[in-house]
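This report concerns only the one structure given below.
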Amino acid sequence: MKDYNSMLDDLKNGKIASIDVDKNEFYAIREIVIRREEFKHFRGIAKQGGNISYVYSIEGRS
């Protein structure tokens, strides 16, 4: 499995623009995202075929 914590850190720090996740790995990364303090800043965007693209927003959702 990929090191999603490291990838999420890179996303937060602006080193990468997004993380593309296969639909089969969605629940694995979701568990990691919701445990992070800044989880409301990560946004999962559904793509065709069930894949997800995560991006980081400076303003967290409410």
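Just remember, in the structure tokens the first chain shown is A, the second B, etc., residues are 1-based per chain, and ligands are 1-based in the order shown.
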> region 53-59 of chain A: which residues within 10 Å, counting only C-alpha atoms, same-chain residues fewer than 6 positions away excluded, as a ChimeraX atom specification?
Replying inline: /A:8-14,16-22,26,29,33,38-47
> Hey, what's within 10 Å of Asn24 (chain A) if we count only C-alpha atoms and toss same-chain stuff fewer than 4 positions away? As JSON, numbers by chain, please?
Replying inline: {"A": [28, 50, 51]}
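You will find CA of Gln48 (chain A) at 26.7 Å from CA of Arg36 (chain A).
From CA of Lys15 (chain A) back to CA of Lys2 (chain A), the distance works out to 16.9 Å.
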>> I need the residues in chain A that are alpha helix (DSSP H) according to DSSP; give them as a ChimeraX atom specification.
In response: /A:4-12,26-35
Write the selection just made, keeping C-alpha atoms, as a tab-separated table (two decimals), in the first residue's frame?
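Output below, filename out20.tsv:
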chain	number	residue	atom	x	y	z
A	4	TYR	CA	-0.71	8.09	2.11
A	5	ASN	CA	0.37	10.05	5.19
A	6	SER	CA	3.47	11.24	3.36
A	7	MET	CA	1.44	11.99	0.25
A	8	LEU	CA	-1.10	13.98	2.28
A	9	ASP	CA	1.74	15.96	3.86
A	10	ASP	CA	3.08	16.74	0.38
A	11	LEU	CA	-0.39	17.81	-0.71
A	12	LYS	CA	-0.81	20.06	2.34
A	26	PHE	CA	-10.63	4.79	-1.22
A	27	TYR	CA	-11.42	3.42	2.24
A	28	ALA	CA	-7.73	3.06	3.10
A	29	ILE	CA	-6.95	6.73	2.42
A	30	ARG	CA	-10.27	7.89	3.88
A	31	GLU	CA	-9.40	6.36	7.26
A	32	ILE	CA	-6.10	8.25	7.23
A	33	VAL	CA	-7.68	11.55	6.14
A	34	ILE	CA	-10.38	11.59	8.84
A	35	ARG	CA	-7.80	10.94	11.58
